[in-house]
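Dumped start21.tsv below, it's TSV, C-alpha atoms and all ligand atoms:
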chain	number	residue	atom	x	y	z
A	140	MET	CA	10.77	24.86	6.48
A	141	GLY	CA	10.90	21.92	8.92
A	142	LYS	CA	11.88	24.22	11.78
A	143	ARG	CA	9.05	26.60	11.10
A	144	LEU	CA	6.56	23.72	11.17
A	145	THR	CA	7.85	22.47	14.49
A	146	SER	CA	7.88	25.84	16.20
A	147	ARG	CA	4.39	26.65	15.00
A	148	ARG	CA	3.10	23.37	16.35
A	149	ASP	CA	4.90	23.89	19.64
A	150	ALA	CA	3.37	27.36	19.93
A	151	MET	CA	-0.02	25.87	19.24
A	152	LEU	CA	0.38	23.12	21.80
A	153	ALA	CA	1.45	25.73	24.34
A	154	GLY	CA	-1.37	28.15	23.57
A	155	GLY	CA	-4.18	25.64	23.10
A	156	ALA	CA	-5.50	24.67	19.67
A	157	THR	CA	-8.20	26.92	18.29
A	158	VAL	CA	-10.24	25.81	15.31
A	159	ALA	CA	-8.55	28.44	13.16
A	160	ALA	CA	-5.10	27.31	14.22
A	161	LEU	CA	-5.98	23.69	13.43
A	162	ALA	CA	-7.18	24.60	9.96
A	163	PHE	CA	-3.98	26.55	9.41
A	164	LEU	CA	-1.88	23.66	10.68
A	165	ARG	CA	-3.48	21.18	8.29
A	166	LEU	CA	-2.53	23.32	5.31
A	167	ASP	CA	0.87	24.13	6.66
A	168	ARG	CA	1.74	20.48	7.18
A	169	LEU	CA	1.25	19.84	3.49
A	170	VAL	CA	4.02	22.13	2.25
A	171	ALA	CA	6.21	19.41	0.74
A	172	MET	CA	3.88	18.51	-2.12
A	173	ALA	CA	1.40	21.36	-2.32
A	174	PRO	CA	-0.52	21.92	-5.55
A	175	LEU	CA	1.54	23.74	-8.16
A	176	GLN	CA	1.92	27.46	-7.54
A	177	PRO	CA	1.32	30.02	-10.31
A	178	GLY	CA	4.34	29.90	-12.62
A	179	GLU	CA	5.44	26.47	-11.34
A	180	ASP	CA	5.70	23.60	-13.86
A	181	VAL	CA	6.36	19.90	-13.61
A	182	VAL	CA	9.40	18.69	-15.54
A	183	PRO	CA	8.21	15.31	-16.84
A	184	TRP	CA	10.37	12.23	-16.23
A	185	LEU	CA	12.21	10.90	-19.27
A	186	ASP	CA	11.46	7.32	-18.19
A	187	GLN	CA	7.72	7.02	-18.62
A	188	ARG	CA	5.77	3.89	-17.69
A	189	PRO	CA	4.96	1.73	-20.73
A	190	GLU	CA	1.35	0.87	-21.40
A	191	VAL	CA	0.04	-2.12	-19.46
A	192	PRO	CA	0.00	-5.13	-21.81
A	193	GLN	CA	-2.71	-7.81	-21.94
A	194	PRO	CA	-3.68	-9.80	-19.92
A	195	ALA	CA	-2.50	-7.48	-17.08
A	196	GLN	CA	-4.70	-4.70	-18.52
A	197	ASP	CA	-7.74	-6.50	-17.13
A	198	VAL	CA	-6.13	-6.69	-13.66
A	199	ILE	CA	-4.52	-3.26	-13.10
A	200	GLY	CA	-6.57	-0.05	-13.15
A	201	GLN	CA	-6.07	3.69	-12.56
A	202	GLN	CA	-2.39	3.71	-11.62
A	203	LEU	CA	-1.01	6.74	-9.81
A	204	VAL	CA	0.61	9.26	-12.13
A	205	TRP	CA	3.54	10.32	-9.96
A	206	GLU	CA	3.92	13.76	-11.57
A	207	GLU	CA	0.32	14.52	-10.49
A	208	LEU	CA	0.91	13.75	-6.81
A	209	ASP	CA	0.02	16.97	-5.03
A	210	SER	CA	-2.21	15.92	-2.15
A	211	TRP	CA	-1.66	13.67	0.85
A	212	ILE	CA	-4.95	11.84	0.25
A	213	THR	CA	-5.40	10.11	-3.10
A	214	PRO	CA	-8.89	10.86	-4.43
A	215	THR	CA	-10.89	7.62	-4.73
A	216	ASP	CA	-11.43	8.04	-8.48
A	217	HIS	CA	-7.64	8.24	-8.93
A	218	PHE	CA	-6.87	5.37	-6.54
A	219	PHE	CA	-5.47	2.28	-8.33
A	220	THR	CA	-7.36	-1.01	-8.42
A	221	ILE	CA	-6.20	-4.62	-8.72
A	222	LYS	CA	-8.77	-7.21	-9.73
A	223	HIS	CA	-7.29	-10.64	-10.31
A	224	PHE	CA	-10.59	-12.18	-11.32
A	225	GLY	CA	-12.41	-9.12	-12.67
A	226	GLN	CA	-15.25	-7.23	-10.99
A	227	PRO	CA	-17.50	-9.72	-9.17
A	228	THR	CA	-21.27	-9.46	-9.41
A	229	PHE	CA	-23.35	-10.57	-6.45
A	230	ASP	CA	-26.60	-9.58	-4.79
A	231	LEU	CA	-25.86	-6.66	-2.45
A	232	GLN	CA	-29.31	-6.91	-0.84
A	233	ALA	CA	-28.75	-10.52	0.19
A	234	TRP	CA	-25.10	-9.89	1.17
A	235	ARG	CA	-23.96	-11.05	4.61
A	236	LEU	CA	-20.55	-11.43	6.19
A	237	HIS	CA	-20.32	-15.05	7.31
A	238	ILE	CA	-17.99	-16.07	10.12
A	239	ALA	CA	-17.58	-19.80	10.44
A	240	GLY	CA	-15.18	-22.68	11.02
A	241	LEU	CA	-13.58	-23.22	14.44
A	242	VAL	CA	-15.79	-20.81	16.37
A	243	THR	CA	-18.29	-21.34	19.17
A	244	GLN	CA	-20.90	-19.09	17.55
A	245	PRO	CA	-20.99	-18.77	13.75
A	246	LEU	CA	-22.18	-15.30	12.73
A	247	SER	CA	-23.96	-13.89	9.71
A	248	LEU	CA	-23.89	-10.10	9.77
A	249	THR	CA	-25.61	-7.51	7.59
A	250	LEU	CA	-23.86	-4.30	6.57
A	251	ASP	CA	-26.18	-2.33	8.89
A	252	GLN	CA	-25.21	-4.56	11.80
A	253	LEU	CA	-21.52	-3.98	11.03
A	254	LYS	CA	-22.08	-0.22	10.73
A	255	ALA	CA	-23.87	-0.17	14.10
A	256	ARG	CA	-20.69	-1.47	15.77
A	257	PRO	CA	-17.91	0.87	16.97
A	258	ARG	CA	-16.38	2.83	14.12
A	259	GLN	CA	-12.64	3.28	13.62
A	260	GLU	CA	-10.74	5.30	11.01
A	261	VAL	CA	-7.22	4.96	9.72
A	262	THR	CA	-5.27	6.72	7.01
A	263	PHE	CA	-3.25	4.01	5.32
A	264	THR	CA	-1.09	3.97	2.22
A	265	LEU	CA	-2.01	0.81	0.36
A	266	GLU	CA	0.63	-0.46	-2.05
A	267	CYS	CA	0.45	-3.47	-4.33
A	268	SER	CA	3.35	-5.77	-3.50
A	269	GLY	CA	4.10	-5.94	-7.22
A	270	ASN	CA	4.50	-2.18	-7.48
A	271	SER	CA	7.84	-1.23	-9.13
A	272	GLY	CA	8.47	-4.92	-9.79
A	273	LEU	CA	7.27	-4.73	-13.39
A	274	PRO	CA	8.03	-1.91	-15.86
A	275	PHE	CA	4.31	-1.24	-16.41
A	276	LEU	CA	3.34	-1.41	-12.71
A	277	THR	CA	4.80	1.67	-10.99
A	278	GLY	CA	1.65	3.46	-9.81
A	279	GLY	CA	0.04	0.69	-7.75
A	280	ILE	CA	-0.17	2.83	-4.63
A	281	GLY	CA	-2.49	5.33	-2.99
A	282	ASN	CA	-3.26	6.87	0.39
A	283	ALA	CA	-6.83	6.97	1.71
A	284	THR	CA	-8.72	7.41	4.95
A	285	TRP	CA	-10.58	4.18	5.54
A	286	ALA	CA	-13.34	3.53	8.07
A	287	GLY	CA	-14.98	0.42	9.41
A	288	THR	CA	-15.38	-1.61	12.54
A	289	PRO	CA	-12.43	-3.35	14.20
A	290	LEU	CA	-12.12	-7.01	13.18
A	291	ALA	CA	-10.88	-8.42	16.51
A	292	PRO	CA	-14.06	-7.88	18.59
A	293	VAL	CA	-16.16	-9.48	15.83
A	294	LEU	CA	-13.90	-12.55	15.89
A	295	GLN	CA	-14.07	-12.57	19.69
A	296	GLU	CA	-17.85	-12.49	19.52
A	297	ALA	CA	-17.78	-15.53	17.23
A	298	GLY	CA	-15.58	-17.20	19.86
A	299	LEU	CA	-12.29	-18.59	18.54
A	300	LEU	CA	-11.77	-22.22	19.55
A	301	ASP	CA	-8.35	-23.11	20.97
A	302	GLU	CA	-7.40	-25.36	18.07
A	303	GLY	CA	-7.76	-22.51	15.54
A	304	LYS	CA	-4.49	-21.48	13.85
A	305	GLU	CA	-5.35	-19.29	10.89
A	306	ILE	CA	-8.15	-17.08	9.68
A	307	VAL	CA	-9.07	-17.29	6.02
A	308	PHE	CA	-10.75	-14.36	4.27
A	309	TYR	CA	-12.79	-15.54	1.27
A	310	ALA	CA	-14.04	-13.06	-1.32
A	311	HIS	CA	-16.84	-12.99	-3.87
A	312	ASP	CA	-14.59	-12.89	-6.94
A	313	VAL	CA	-13.92	-16.30	-8.42
A	314	GLY	CA	-11.35	-17.36	-10.97
A	315	ALA	CA	-9.50	-20.21	-12.59
A	316	GLN	CA	-6.49	-21.55	-10.72
A	317	LYS	CA	-4.17	-24.28	-11.86
A	318	VAL	CA	-2.55	-26.95	-9.70
A	319	ARG	CA	-0.46	-29.37	-11.78
A	320	ASP	CA	-2.85	-30.40	-14.53
A	321	MET	CA	-5.97	-29.73	-12.50
A	322	GLU	CA	-7.98	-26.56	-13.11
A	323	LEU	CA	-10.18	-25.34	-10.30
A	324	THR	CA	-12.50	-22.39	-10.09
A	325	ALA	CA	-12.05	-20.92	-6.66
A	326	PRO	CA	-12.69	-17.62	-4.87
A	327	PHE	CA	-9.93	-15.12	-4.12
A	328	ALA	CA	-8.73	-15.85	-0.58
A	329	ARG	CA	-5.94	-14.88	1.77
A	330	ALA	CA	-5.15	-16.01	5.31
A	331	MET	CA	-3.52	-14.55	8.40
A	332	SER	CA	-2.32	-16.16	11.60
A	333	ILE	CA	-4.73	-15.57	14.47
A	334	ALA	CA	-2.21	-13.25	16.15
A	335	ASP	CA	-1.91	-11.11	12.99
A	336	ALA	CA	-5.66	-11.10	12.38
A	337	MET	CA	-6.39	-9.99	15.97
A	338	SER	CA	-4.31	-6.80	15.58
A	339	PRO	CA	-6.39	-3.82	16.76
A	340	ASN	CA	-5.45	-2.03	13.50
A	341	ASN	CA	-7.42	-4.39	11.25
A	342	LEU	CA	-10.80	-3.16	10.07
A	343	LEU	CA	-13.85	-4.61	8.42
A	344	CYS	CA	-13.91	-1.58	6.16
A	345	TYR	CA	-17.01	-0.09	4.53
A	346	GLU	CA	-15.88	3.48	3.86
A	347	MET	CA	-13.10	5.13	1.83
A	348	ASN	CA	-12.35	8.85	1.90
A	349	GLY	CA	-15.66	9.64	3.61
A	350	ALA	CA	-17.91	7.80	1.14
A	351	PRO	CA	-19.27	4.24	1.09
A	352	LEU	CA	-16.66	1.87	-0.35
A	353	ASP	CA	-17.11	1.83	-4.14
A	354	ALA	CA	-17.44	-1.32	-6.24
A	355	GLY	CA	-13.85	-1.24	-7.52
A	356	HIS	CA	-12.32	-0.98	-4.05
A	357	GLY	CA	-14.33	-3.83	-2.54
A	358	ALA	CA	-17.96	-2.84	-1.78
A	359	PRO	CA	-19.69	-3.52	0.44
A	360	LEU	CA	-16.90	-4.68	2.77
A	361	ARG	CA	-13.17	-5.35	2.61
A	362	LEU	CA	-10.48	-6.29	5.04
A	363	LEU	CA	-8.24	-3.32	5.73
A	364	ALA	CA	-4.93	-4.40	7.20
A	365	PRO	CA	-2.74	-1.34	7.87
A	366	GLY	CA	0.95	-2.21	7.53
A	367	TRP	CA	0.31	-5.01	5.04
A	368	TYR	CA	0.68	-5.05	1.27
A	369	GLY	CA	-2.42	-4.68	-0.90
A	370	ILE	CA	-2.84	-8.43	-1.39
A	371	ALA	CA	-3.73	-8.92	2.31
A	372	ASN	CA	-6.54	-6.35	2.05
A	373	VAL	CA	-9.20	-8.73	0.72
A	374	LYS	CA	-12.00	-6.93	-1.14
A	375	TRP	CA	-15.64	-8.02	-1.60
A	376	LEU	CA	-15.55	-10.07	1.62
A	377	ASP	CA	-17.87	-13.05	1.74
A	378	ARG	CA	-16.77	-15.44	4.45
A	379	ILE	CA	-14.24	-15.55	7.27
A	380	GLU	CA	-13.26	-19.04	8.33
A	381	VAL	CA	-11.14	-20.20	11.26
A	382	ILE	CA	-9.06	-23.30	10.47
A	383	ASP	CA	-6.50	-25.48	12.27
A	384	THR	CA	-3.98	-25.90	9.42
A	385	ARG	CA	-1.94	-23.60	7.21
A	386	PHE	CA	-4.07	-22.21	4.39
A	387	MET	CA	-2.28	-22.97	1.11
A	388	GLY	CA	-4.52	-21.19	-1.38
A	389	HIS	CA	-3.28	-19.75	-4.66
A	390	PHE	CA	-2.50	-16.23	-3.37
A	391	MET	CA	-0.76	-17.54	-0.24
A	392	ALA	CA	1.30	-20.46	-1.44
A	393	ARG	CA	1.60	-20.50	-5.22
A	394	ASP	CA	1.34	-16.87	-6.36
A	395	TYR	CA	2.69	-13.94	-4.30
A	396	VAL	CA	5.60	-16.03	-3.07
A	397	THR	CA	8.99	-14.31	-2.93
A	398	ILE	CA	11.80	-16.54	-4.12
A	399	ARG	CA	15.46	-15.72	-3.51
A	400	GLU	CA	18.63	-17.54	-4.40
A	401	GLU	CA	20.91	-17.33	-1.36
A	402	GLN	CA	24.11	-19.02	-0.29
A	403	ARG	CA	24.56	-21.21	2.81
A	404	ASP	CA	28.04	-22.58	3.47
A	405	GLY	CA	28.96	-22.00	-0.15
A	406	ARG	CA	25.94	-23.84	-1.48
A	407	PRO	CA	22.89	-22.29	-3.12
A	408	VAL	CA	19.57	-22.46	-1.28
A	409	TRP	CA	16.26	-21.15	-2.52
A	410	THR	CA	14.14	-19.36	0.05
A	411	GLU	CA	10.43	-19.21	-0.70
A	412	SER	CA	8.33	-16.97	1.52
A	413	SER	CA	4.69	-16.00	1.49
A	414	LEU	CA	4.63	-12.24	1.45
A	415	GLY	CA	2.34	-9.95	3.36
A	416	ARG	CA	3.86	-7.21	5.49
A	417	ALA	CA	4.69	-3.92	3.80
A	418	LEU	CA	8.33	-2.86	3.45
A	419	LEU	CA	10.04	0.52	3.82
A	420	LYS	CA	10.11	2.36	0.51
A	421	SER	CA	10.21	5.79	-1.11
A	422	ALA	CA	9.91	7.22	-4.60
A	423	PRO	CA	10.70	10.52	-6.29
A	424	ALA	CA	7.33	11.83	-7.50
A	425	ARG	CA	8.14	14.91	-9.51
A	426	VAL	CA	10.61	17.66	-10.31
A	427	THR	CA	9.13	21.15	-10.46
A	428	ARG	CA	10.57	24.41	-11.77
A	429	LYS	CA	9.59	27.92	-10.75
A	430	ASP	CA	11.49	31.05	-11.84
A	431	GLY	CA	14.44	28.84	-12.85
A	432	ALA	CA	14.64	27.11	-9.43
A	433	TYR	CA	14.15	23.33	-9.26
A	434	ARG	CA	12.60	21.20	-6.48
A	435	ILE	CA	12.32	17.44	-6.13
A	436	GLY	CA	9.33	15.99	-4.29
A	437	GLY	CA	8.20	12.50	-3.42
A	438	ALA	CA	6.71	10.11	-0.91
A	439	ALA	CA	7.94	7.54	1.63
A	440	TRP	CA	5.92	4.74	3.26
A	441	GLY	CA	5.81	1.08	4.32
A	442	ALA	CA	7.20	1.64	7.85
A	443	PRO	CA	7.26	4.62	10.23
A	444	VAL	CA	9.46	7.00	8.22
A	445	ALA	CA	12.13	9.05	10.01
A	446	GLY	CA	13.90	10.58	7.03
A	447	VAL	CA	14.36	10.66	3.27
A	448	GLU	CA	17.47	11.55	1.32
A	449	ILE	CA	17.94	12.14	-2.37
A	450	GLN	CA	20.90	11.61	-4.61
A	451	VAL	CA	21.49	13.34	-7.94
A	452	ASP	CA	23.67	11.55	-10.50
A	453	GLY	CA	24.96	9.11	-7.86
A	454	GLY	CA	26.52	11.94	-5.81
A	455	ALA	CA	26.18	12.88	-2.12
A	456	TRP	CA	22.92	12.10	-0.29
A	457	LEU	CA	20.97	15.27	0.59
A	458	PRO	CA	18.29	15.29	3.31
A	459	ALA	CA	14.74	16.17	2.22
A	460	THR	CA	12.15	18.01	4.30
A	461	LEU	CA	9.35	15.68	5.46
A	462	ASP	CA	5.73	16.56	5.95
A	463	GLU	CA	4.35	15.09	9.11
A	464	GLY	CA	1.77	12.82	7.50
A	465	LEU	CA	-0.91	14.32	9.75
A	466	GLY	CA	0.07	11.89	12.50
A	467	SER	CA	-0.86	8.57	10.90
A	468	GLU	CA	1.82	5.90	11.34
A	469	PHE	CA	0.44	3.93	8.38
A	470	ALA	CA	0.29	6.78	5.86
A	471	TRP	CA	3.00	7.95	3.50
A	472	LYS	CA	4.98	11.03	4.30
A	473	LEU	CA	5.45	13.48	1.48
A	474	TRP	CA	8.83	15.16	1.18
A	475	SER	CA	10.63	17.72	-0.92
A	476	VAL	CA	14.07	19.22	-1.34
A	477	ALA	CA	15.54	22.11	-3.31
A	478	TRP	CA	17.80	21.06	-6.18
A	479	PRO	CA	20.26	23.94	-5.97
A	480	ASN	CA	22.58	23.43	-8.93
A	481	ALA	CA	20.45	21.76	-11.56
A	482	THR	CA	22.72	22.05	-14.58
A	483	PRO	CA	21.36	21.71	-18.12
A	484	GLY	CA	21.33	18.14	-19.41
A	485	GLU	CA	20.12	14.71	-18.29
A	486	HIS	CA	20.25	13.68	-14.63
A	487	THR	CA	19.29	10.73	-12.45
A	488	ILE	CA	17.43	11.19	-9.17
A	489	THR	CA	17.34	8.47	-6.50
A	490	SER	CA	15.58	8.55	-3.14
A	491	ARG	CA	16.05	6.43	-0.03
A	492	ALA	CA	14.00	6.34	3.16
A	493	THR	CA	15.10	5.55	6.72
A	494	ASP	CA	12.62	4.30	9.31
A	495	THR	CA	12.37	5.21	12.98
A	496	VAL	CA	14.46	2.19	14.07
A	497	GLY	CA	17.28	2.97	11.61
A	498	ASN	CA	16.53	0.60	8.73
A	499	VAL	CA	17.48	2.06	5.36
A	500	GLN	CA	15.62	1.33	2.15
A	501	PRO	CA	17.90	-1.12	0.28
A	502	ALA	CA	19.88	-0.21	-2.82
A	503	MET	CA	19.09	-2.18	-5.98
A	504	THR	CA	22.43	-3.98	-5.44
A	505	ASP	CA	21.53	-5.07	-1.88
A	506	PRO	CA	21.32	-8.90	-1.75
A	507	ARG	CA	17.69	-8.68	-0.47
A	508	ILE	CA	16.83	-7.13	-3.84
A	509	ALA	CA	19.54	-8.48	-6.13
A	510	ASN	CA	19.00	-12.14	-5.10
A	511	LYS	CA	15.25	-11.94	-5.54
A	512	ARG	CA	13.98	-13.91	-8.53
A	513	THR	CA	10.33	-12.82	-8.27
A	514	TYR	CA	8.98	-9.32	-8.76
A	515	TRP	CA	7.00	-8.80	-5.53
A	516	GLU	CA	8.39	-6.87	-2.56
A	517	SER	CA	10.44	-4.59	-4.85
A	518	ASN	CA	11.29	-1.96	-2.28
A	519	GLY	CA	14.75	-1.15	-3.66
A	520	GLN	CA	15.74	2.47	-4.19
A	521	ILE	CA	14.04	3.99	-7.22
A	522	THR	CA	16.00	6.06	-9.73
A	523	ARG	CA	14.24	8.36	-12.20
A	524	ARG	CA	15.68	10.29	-15.16
A	525	VAL	CA	14.99	13.91	-15.92
A	526	ALA	CA	16.31	16.54	-18.36
A	527	VAL	CA	17.03	20.11	-17.26
A	528	ALA	CA	16.69	22.62	-20.08
A	601	LIG	N1	-11.20	-10.10	-3.49
A	601	LIG	C1	-10.06	-9.54	-3.91
A	601	LIG	N2	-9.35	-8.79	-3.06
A	601	LIG	C2	-8.19	-8.21	-3.46
A	601	LIG	C3	-7.70	-8.40	-4.77
A	601	LIG	C4	-8.48	-9.19	-5.67
A	601	LIG	O1	-8.13	-9.40	-6.84
A	601	LIG	N3	-9.66	-9.74	-5.19
A	601	LIG	N4	-6.51	-7.85	-5.14
A	601	LIG	C5	-5.58	-7.58	-4.05
A	601	LIG	C6	-4.42	-6.82	-4.46
A	601	LIG	S1	-3.20	-7.70	-5.27
A	601	LIG	C7	-4.25	-5.50	-4.14
A	601	LIG	S2	-2.83	-4.71	-4.53
A	601	LIG	C8	-5.31	-4.74	-3.47
A	601	LIG	C9	-5.66	-3.49	-4.23
A	601	LIG	O2	-6.67	-2.80	-3.58
A	601	LIG	P1	-7.48	-1.67	-4.38
A	601	LIG	O3	-7.96	-2.30	-5.65
A	601	LIG	O4	-8.54	-1.17	-3.50
A	601	LIG	O5	-6.45	-0.58	-4.68
A	601	LIG	O6	-6.49	-5.51	-3.31
A	601	LIG	C10	-6.27	-6.84	-2.91
A	601	LIG	N5	-7.51	-7.45	-2.57
A	602	MO	MO	-1.34	-6.41	-5.39

For the file at hand, write its structure as structure tokens.
Amino acid sequence: MGKRLTSRRDAMLAGGATVAALAFLRLDRLVAMAPLQPGEDVVPWLDQRPEVPQPAQDVIGQQLVWEELDSWITPTDHFFTIKHFGQPTFDLQAWRLHIAGLVTQPLSLTLDQLKARPRQEVTFTLECSGNSGLPFLTGGIGNATWAGTPLAPVLQEAGLLDEGKEIVFYAHDVGAQKVRDMELTAPFARAMSIADAMSPNNLLCYEMNGAPLDAGHGAPLRLLAPGWYGIANVKWLDRIEVIDTRFMGHFMARDYVTIREEQRDGRPVWTESSLGRALLKSAPARVTRKDGAYRIGGAAWGAPVAGVEIQVDGGAWLPATLDEGLGSEFAWKLWSVAWPNATPGEHTITSRATDTVGNVQPAMTDPRIANKRTYWESNGQITRRVAVA
């Protein structure tokens, strides 16, 4: 299947792309996880996600149902949401994006002014950094085409002063945060170094899958930071502030901190790191059966993916066929592989991804995963259970 894809594309490149050939190519590139064919069924996983308990129920919405993954783009109404402080209400008519702090020219921009600026699109797989870290959070991921205006030129227009170190993104949702015995009510906020914020990939994003950003995903404007975990993609943007210290807000310094117990010269040390960048990961999505033949399909993301292998019952690793991801380096690649001798009974299926510089998705026993005491950044290999009739 992979060969056929390549040769067809080569033929097309050689012969010049006609509109018909392009349309054909788009479909053909999505072979790995196409919608179910007539007579094809999904064999449901034995390990099903438990219901989300309270209070997390108020935070996590619309998780991906892996067995239903059959398109590269996740439809917006099936795209998960995370709302730490609930859905904010604010006056959309009066809304402005404020840019302030250590700048030569503070700005206050309307949505129309932002939309009048150069438009950029990116297809990016957004994953919550807590995904697969909790038994009830396994579908905190989706792939969408996002559009907006690049962040860097807007910051340049505001004029960053030399003493600036970090850029803080403040949102409209506000919640209770506790520091020792003090309770404060503060907005959701995340920061980036100036170098990270100035990446040409970052967007002030007002569109998702061809429609205006909806309320749940951050209307009217969110930060879209391809290559970063969900937490960095601040929704319901209110104010961008340039500061000359490290920003130590709740979601940078107290929550969303990865803690590991490591050894240095035979003594334990605890490393505590503020997380942000996405990590290489894959997951088996579904097993399908057609005329007695079984296939395993899934997705891989978090870094430019070069390959995916699967392992049945802890045996040999078998290479899967990758779809090309329609050329986006930030989007997941869907993959599938025939399961030739699926014998009746219960089986385990594990997947592992390799990126283009040779990194391999860690096993659950890898110290990076095994020494971790917090649930974020759980990019260890995922094993699912399935029964063959
Ligand atoms: N303002 C604000 N932005 C936020 C959050 C939030 O609670 N408030 N949650 C973050 C987290 S933890 C994730 S995983 C992503 C989820 O984005 P989505 O809801 O569009 O899927 O949004 C991030 N941005
Ligand atoms: Mo998240």

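Considering the residues A:Leu342, A:Ala358, A:Ala371, A:Val293 and counting only C-alpha atoms and all ligand atoms, ligand MO 602 (chain A) has its shortest atom-to-atom contact with A:Ala371.
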
Next on the checklist: 6 Å from ligand MO 602 (chain A) is the threshold here; counting only C-alpha atoms and all ligand atoms, which polymer residues fall inside it? Answer as a PyMOL selection string.
Outcome noted: chain A and resi 267-269+369-370

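Between ligand LIG 601 (chain A) and the residues A:Gly298, A:Leu290, A:Ala364, A:Pro274, the shortest atom-to-atom distance, using only C-alpha atoms and all ligand atoms, involves A:Ala364.
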
Grab me every residue within 8 Å of ligand LIG 601 (chain A), counting all atoms listed in the file, and send it over as a PDB file with C-alpha atoms, keeping the file's coordinate frame.
ATOM      1  CA  VAL A 198      -6.130  -6.690 -13.660  1.00  0.00           C
ATOM      2  CA  GLY A 200      -6.570  -0.050 -13.150  1.00  0.00           C
ATOM      3  CA  PHE A 218      -6.870   5.370  -6.540  1.00  0.00           C
ATOM      4  CA  PHE A 219      -5.470   2.280  -8.330  1.00  0.00           C
ATOM      5  CA  THR A 220      -7.360  -1.010  -8.420  1.00  0.00           C
ATOM      6  CA  ILE A 221      -6.200  -4.620  -8.720  1.00  0.00           C
ATOM      7  CA  LYS A 222      -8.770  -7.210  -9.730  1.00  0.00           C
ATOM      8  CA  HIS A 223      -7.290 -10.640 -10.310  1.00  0.00           C
ATOM      9  CA  PHE A 224     -10.590 -12.180 -11.320  1.00  0.00           C
ATOM     10  CA  GLY A 225     -12.410  -9.120 -12.670  1.00  0.00           C
ATOM     11  CA  LEU A 265      -2.010   0.810   0.360  1.00  0.00           C
ATOM     12  CA  GLU A 266       0.630  -0.460  -2.050  1.00  0.00           C
ATOM     13  CA  CYS A 267       0.450  -3.470  -4.330  1.00  0.00           C
ATOM     14  CA  SER A 268       3.350  -5.770  -3.500  1.00  0.00           C
ATOM     15  CA  GLY A 269       4.100  -5.940  -7.220  1.00  0.00           C
ATOM     16  CA  GLY A 279       0.040   0.690  -7.750  1.00  0.00           C
ATOM     17  CA  ILE A 280      -0.170   2.830  -4.630  1.00  0.00           C
ATOM     18  CA  GLY A 281      -2.490   5.330  -2.990  1.00  0.00           C
ATOM     19  CA  TYR A 309     -12.790 -15.540   1.270  1.00  0.00           C
ATOM     20  CA  ALA A 310     -14.040 -13.060  -1.320  1.00  0.00           C
ATOM     21  CA  HIS A 311     -16.840 -12.990  -3.870  1.00  0.00           C
ATOM     22  CA  ASP A 312     -14.590 -12.890  -6.940  1.00  0.00           C
ATOM     23  CA  PRO A 326     -12.690 -17.620  -4.870  1.00  0.00           C
ATOM     24  CA  PHE A 327      -9.930 -15.120  -4.120  1.00  0.00           C
ATOM     25  CA  ALA A 328      -8.730 -15.850  -0.580  1.00  0.00           C
ATOM     26  CA  GLY A 355     -13.850  -1.240  -7.520  1.00  0.00           C
ATOM     27  CA  HIS A 356     -12.320  -0.980  -4.050  1.00  0.00           C
ATOM     28  CA  GLY A 357     -14.330  -3.830  -2.540  1.00  0.00           C
ATOM     29  CA  ARG A 361     -13.170  -5.350   2.610  1.00  0.00           C
ATOM     30  CA  TYR A 368       0.680  -5.050   1.270  1.00  0.00           C
ATOM     31  CA  GLY A 369      -2.420  -4.680  -0.900  1.00  0.00           C
ATOM     32  CA  ILE A 370      -2.840  -8.430  -1.390  1.00  0.00           C
ATOM     33  CA  ALA A 371      -3.730  -8.920   2.310  1.00  0.00           C
ATOM     34  CA  ASN A 372      -6.540  -6.350   2.050  1.00  0.00           C
ATOM     35  CA  VAL A 373      -9.200  -8.730   0.720  1.00  0.00           C
ATOM     36  CA  LYS A 374     -12.000  -6.930  -1.140  1.00  0.00           C
ATOM     37  CA  TRP A 375     -15.640  -8.020  -1.600  1.00  0.00           C
ATOM     38  CA  LEU A 376     -15.550 -10.070   1.620  1.00  0.00           C
TER      39      LEU A 376
END

Item to check | Which of A:Ser338, A:Gln244, A:Gln295, A:Ser332 sits closest to Val307 in chain A [using only C-alpha atoms] | outcome: A:Ser332

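Counting only C-alpha atoms, the residue from A:Asp430, A:Glu260, A:Glu296, A:Glu346 that sits nearest to Pro365 in chain A is A:Glu260.
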
Next on the checklist: Please determine, counting only C-alpha atoms, which residue among A:Ala432, A:Leu203, A:Ala459, A:Leu352 has the shortest atom-to-atom distance to Arg491 in chain A.
Outcome noted: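 Of the candidates, the smallest distance to Arg491 in chain A is held by A:Ala459.
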
Item to check | Shortest interatomic distance to Tyr345 in chain A - which of A:Ile238, A:Leu294, A:Met172, A:Leu250, counting only C-alpha atoms | outcome: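 Looking at the shortest contact to Tyr345 in chain A, the residue is A:Leu250.
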
Item to check | Non-local contacts of range 516-527 of chain A (8 Å; only C-alpha atoms; under 5 positions in same chain excluded) as an MDAnalysis selection string | outcome: chainID A and resid 182:186 268:272 397 414 417:423 481:491 500:503 508

Item to check | Neighbour list for Arg393 in chain A as a list in words, cut-off 12 Å, only C-alpha atoms, skip fewer than 3 positions in-chain | outcome: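 My list of contacting residues is Gln316, Lys317, Val318, Arg319, Arg329, Phe386, Met387, Gly388, His389, Phe390, Val396, Thr397, Ile398, Glu411, Ser412, Ser413 and Leu414 of chain A.
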
Checklist entry - Residues at most 10 Å from Gln259 in chain A, counting all atoms listed in the file, excluding those fewer than 4 positions away in the same chain, as a list in words? => result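 In the requested format, the answer is Trp285, Ala286, Gly287, Thr288, Pro289, Pro339, Asn340, Asn341, Leu342, Leu343 and Cys344 of chain A.
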